[in-house]
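**Student:** Before I ask anything, here is the structure I am working with.
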Amino acid sequence: MKVLVINGSPRKERGATGGILSVFVEGMKDAGADVDIIYSKGLDIGDCRGCFNCWTTTPGKCIQDDDMTEILGQMADSDLLVYATPVYVDGMTGSLKTLLDRAIPLLHGAFVLRDDHCRHELRDHVKSGKIALVSVSGFTEMDNFDPLITHMKAMSKNLNREFVGSLLRPYAWIVNPSLEQGAPLGDIIEAIKEAGRQLVTEGKMKEETLAIIAREIIPREEVITMMKGHYGDK
Ligand SMILES: Cc1cc2nc3c(=O)[nH]c(=O)nc-3n(C[C@H](O)[C@H](O)[C@H](O)COP(=O)(O)O)c2cc1C
């Protein structure tokens, strides 16, 4: 199985998203997947200009020749796309959104009806596989991920891919410092790896596994006290 992971965190491998992804990818590789990781931050990817040349004069090809040219090939060829992002202003990061805006050359411009909804057809060379989300948040509540999940599900339909679930870790910034202080988080780390294995071998991640990953590390009141200690009073 060919997997393309796109990490939208500006903190790349050093961030909370990157930390979770490294374990998740280990699990996917254990299960035999061929995994590539790219970081949207720092790539040469111009904003979509909205010219629609990729649907008219140069079908399937953007008029901007930048890093997106190679990424479009990788996306087209992947069985599983993993979009990874911290929650930023209740959605994905800007660099990941810019990259995904530039993915429209993978689609044909004409409309077709799919499940009684207008969609675009995929170009012939584009695989119709799966999409999964990996995300972390600063806040503690799981509903902080809701707008992002809704967006991912909608995007999956437009790309004619099956949305196969979300690996979510709230207040993820606490994971690495807690591990460094010897906190017992081994179950979370093992569950992240297991989720990677499950996604490759079973095509989805089990609810029980995802619940371990998202479990409470410290009570919310303590999180609030910690943040006050860190940032001070208003
Ligand atoms: C510009 C910005 C916006 C953010 N917006 C949210 C938000 O809307 N909700 C939330 O729970 N966390 C928010 N966060 C916190 C991040 O999701 C959190 O710090 C995350 O752990 C960062 O992941 P990273 O280390 O992989 O970059 C925001 C952080 C930044 C820098």
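Convention: chains lettered A, B, ... in structure tokens order; per-chain residue numbering from 1; ligands numbered from 1 as shown.
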Identify, counting only C-alpha atoms and all ligand atoms, the protein, DNA and RNA residues located within 10 Å of ligand 1, and give them as a ChimeraX atom specification.
**Tutor:** /A:7-21,84-94,135-145,147,169-175
**Student:** Within 12 Å of range 118-126 of chain A, counting only C-alpha atoms, which residues show up once you throw out same-chain ones fewer than 6 positions away? Write them as a JSON list (two decimals) with N, CA and C atoms, in the first residue's frame, please.
**Tutor:**
[["chain", "number", "residue", "atom", "x", "y", "z"],
["A", 54, "CYS", "N", -5.99, 24.62, -15.49],
["A", 54, "CYS", "CA", -5.79, 23.17, -15.30],
["A", 54, "CYS", "C", -7.03, 22.37, -15.72],
["A", 55, "TRP", "N", -8.14, 23.08, -15.99],
["A", 55, "TRP", "CA", -9.36, 22.41, -16.47],
["A", 55, "TRP", "C", -9.65, 22.78, -17.93],
["A", 59, "PRO", "N", -5.09, 20.80, -19.53],
["A", 59, "PRO", "CA", -5.85, 19.89, -18.68],
["A", 59, "PRO", "C", -4.96, 19.02, -17.77],
["A", 60, "GLY", "N", -5.25, 19.09, -16.48],
["A", 60, "GLY", "CA", -4.52, 18.27, -15.51],
["A", 60, "GLY", "C", -3.20, 18.87, -15.07],
["A", 61, "LYS", "N", -2.88, 20.04, -15.62],
["A", 61, "LYS", "CA", -1.58, 20.64, -15.31],
["A", 61, "LYS", "C", -1.77, 22.09, -14.88],
["A", 72, "LEU", "N", 1.53, 16.52, -6.86],
["A", 72, "LEU", "CA", 0.31, 16.07, -7.56],
["A", 72, "LEU", "C", 0.48, 14.62, -8.02],
["A", 73, "GLY", "N", 1.69, 14.30, -8.51],
["A", 73, "GLY", "CA", 1.98, 12.92, -8.94],
["A", 73, "GLY", "C", 1.91, 11.97, -7.75],
["A", 74, "GLN", "N", 2.47, 12.39, -6.61],
["A", 74, "GLN", "CA", 2.46, 11.54, -5.42],
["A", 74, "GLN", "C", 1.03, 11.33, -4.91],
["A", 75, "MET", "N", 0.23, 12.40, -4.94],
["A", 75, "MET", "CA", -1.16, 12.28, -4.47],
["A", 75, "MET", "C", -1.94, 11.33, -5.37],
["A", 76, "ALA", "N", -1.74, 11.50, -6.68],
["A", 76, "ALA", "CA", -2.48, 10.69, -7.64],
["A", 76, "ALA", "C", -2.19, 9.20, -7.47],
["A", 77, "ASP", "N", -0.96, 8.92, -7.03],
["A", 77, "ASP", "CA", -0.47, 7.55, -6.98],
["A", 77, "ASP", "C", -0.68, 6.89, -5.61],
["A", 78, "SER", "N", -1.23, 7.63, -4.64],
["A", 78, "SER", "CA", -1.30, 7.07, -3.29],
["A", 78, "SER", "C", -2.62, 6.33, -3.05],
["A", 79, "ASP", "N", -2.50, 5.18, -2.37],
["A", 79, "ASP", "CA", -3.71, 4.44, -1.98],
["A", 79, "ASP", "C", -4.35, 5.12, -0.77],
["A", 103, "ALA", "N", -4.62, 21.12, -5.50],
["A", 103, "ALA", "CA", -4.81, 19.74, -5.96],
["A", 103, "ALA", "C", -5.91, 19.63, -7.01],
["A", 104, "ILE", "N", -6.55, 20.75, -7.38],
["A", 104, "ILE", "CA", -7.67, 20.59, -8.32],
["A", 104, "ILE", "C", -7.29, 20.10, -9.72],
["A", 105, "PRO", "N", -6.00, 20.18, -10.14],
["A", 105, "PRO", "CA", -5.69, 19.57, -11.44],
["A", 105, "PRO", "C", -5.93, 18.05, -11.47],
["A", 106, "LEU", "N", -6.06, 17.42, -10.29],
["A", 106, "LEU", "CA", -6.33, 15.97, -10.25],
["A", 106, "LEU", "C", -7.75, 15.66, -10.73],
["A", 107, "LEU", "N", -8.58, 16.71, -10.76],
["A", 107, "LEU", "CA", -9.99, 16.53, -11.13],
["A", 107, "LEU", "C", -10.25, 17.05, -12.54],
["A", 108, "HIS", "N", -11.29, 16.49, -13.15],
["A", 108, "HIS", "CA", -11.77, 17.01, -14.43],
["A", 108, "HIS", "C", -12.78, 18.11, -14.12],
["A", 109, "GLY", "N", -12.81, 19.15, -14.94],
["A", 109, "GLY", "CA", -13.65, 20.31, -14.60],
["A", 109, "GLY", "C", -15.15, 20.07, -14.66],
["A", 110, "ALA", "N", -15.58, 19.17, -15.56],
["A", 110, "ALA", "CA", -17.03, 18.99, -15.74],
["A", 110, "ALA", "C", -17.70, 18.44, -14.48],
["A", 111, "PHE", "N", -18.97, 18.73, -14.34],
["A", 111, "PHE", "CA", -19.73, 18.19, -13.19],
["A", 111, "PHE", "C", -20.34, 16.85, -13.56],
["A", 112, "VAL", "N", -20.38, 15.93, -12.59],
["A", 112, "VAL", "CA", -21.17, 14.70, -12.72],
["A", 112, "VAL", "C", -21.99, 14.57, -11.44],
["A", 154, "ALA", "N", -15.92, 16.23, 3.64],
["A", 154, "ALA", "CA", -16.38, 16.86, 2.40],
["A", 154, "ALA", "C", -15.31, 16.76, 1.31],
["A", 155, "MET", "N", -14.06, 17.00, 1.70],
["A", 155, "MET", "CA", -12.97, 16.93, 0.71],
["A", 155, "MET", "C", -12.81, 15.52, 0.17],
["A", 156, "SER", "N", -13.02, 14.54, 1.04],
["A", 156, "SER", "CA", -12.88, 13.14, 0.61],
["A", 156, "SER", "C", -13.91, 12.82, -0.46],
["A", 157, "LYS", "N", -15.12, 13.34, -0.27],
["A", 157, "LYS", "CA", -16.16, 13.08, -1.28],
["A", 157, "LYS", "C", -15.76, 13.72, -2.61],
["A", 158, "ASN", "N", -15.23, 14.93, -2.55],
["A", 158, "ASN", "CA", -14.85, 15.60, -3.79],
["A", 158, "ASN", "C", -13.71, 14.88, -4.49],
["A", 159, "LEU", "N", -12.83, 14.25, -3.71],
["A", 159, "LEU", "CA", -11.70, 13.52, -4.32],
["A", 159, "LEU", "C", -12.09, 12.06, -4.60],
["A", 160, "ASN", "N", -13.37, 11.73, -4.39],
["A", 160, "ASN", "CA", -13.89, 10.37, -4.58],
["A", 160, "ASN", "C", -13.06, 9.34, -3.81],
["A", 161, "ARG", "N", -12.69, 9.72, -2.57],
["A", 161, "ARG", "CA", -11.94, 8.81, -1.70],
["A", 161, "ARG", "C", -12.78, 8.52, -0.47]]
**Student:** With only C-alpha atoms as the basis for distance, which of A:Val200, A:Ile217, A:Met68, A:Leu133 is at the shortest distance from Tyr83 in chain A?
**Tutor:**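 Of all the options, A:Leu133 lies closest to Tyr83 in chain A.
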**Student:** Between CA of Leu113 in chain A and CA of Val82 in chain A, what is the distance, to one decimal in Å?
**Tutor:**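 CA of Leu113 in chain A sits 26.2 Å away from CA of Val82 in chain A.
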**Student:** Each residue of range 48-104 of chain A lying at most 7 Å from range 34-43 of chain A should get a row with its shortest atom-to-atom pair and the distance in Å to one decimal, counting only C-alpha atoms; could you produce that, ordered by chain and increasing number, as JSON lines?
**Tutor:**
{"residue": "A:Asp67", "atom": "CA", "partner": "A:Leu43", "partner_atom": "CA", "distance": 6.5}
{"residue": "A:Ser95", "atom": "CA", "partner": "A:Ser40", "partner_atom": "CA", "distance": 5.6}
{"residue": "A:Leu96", "atom": "CA", "partner": "A:Ser40", "partner_atom": "CA", "distance": 5.7}
{"residue": "A:Leu99", "atom": "CA", "partner": "A:Ser40", "partner_atom": "CA", "distance": 6.9}
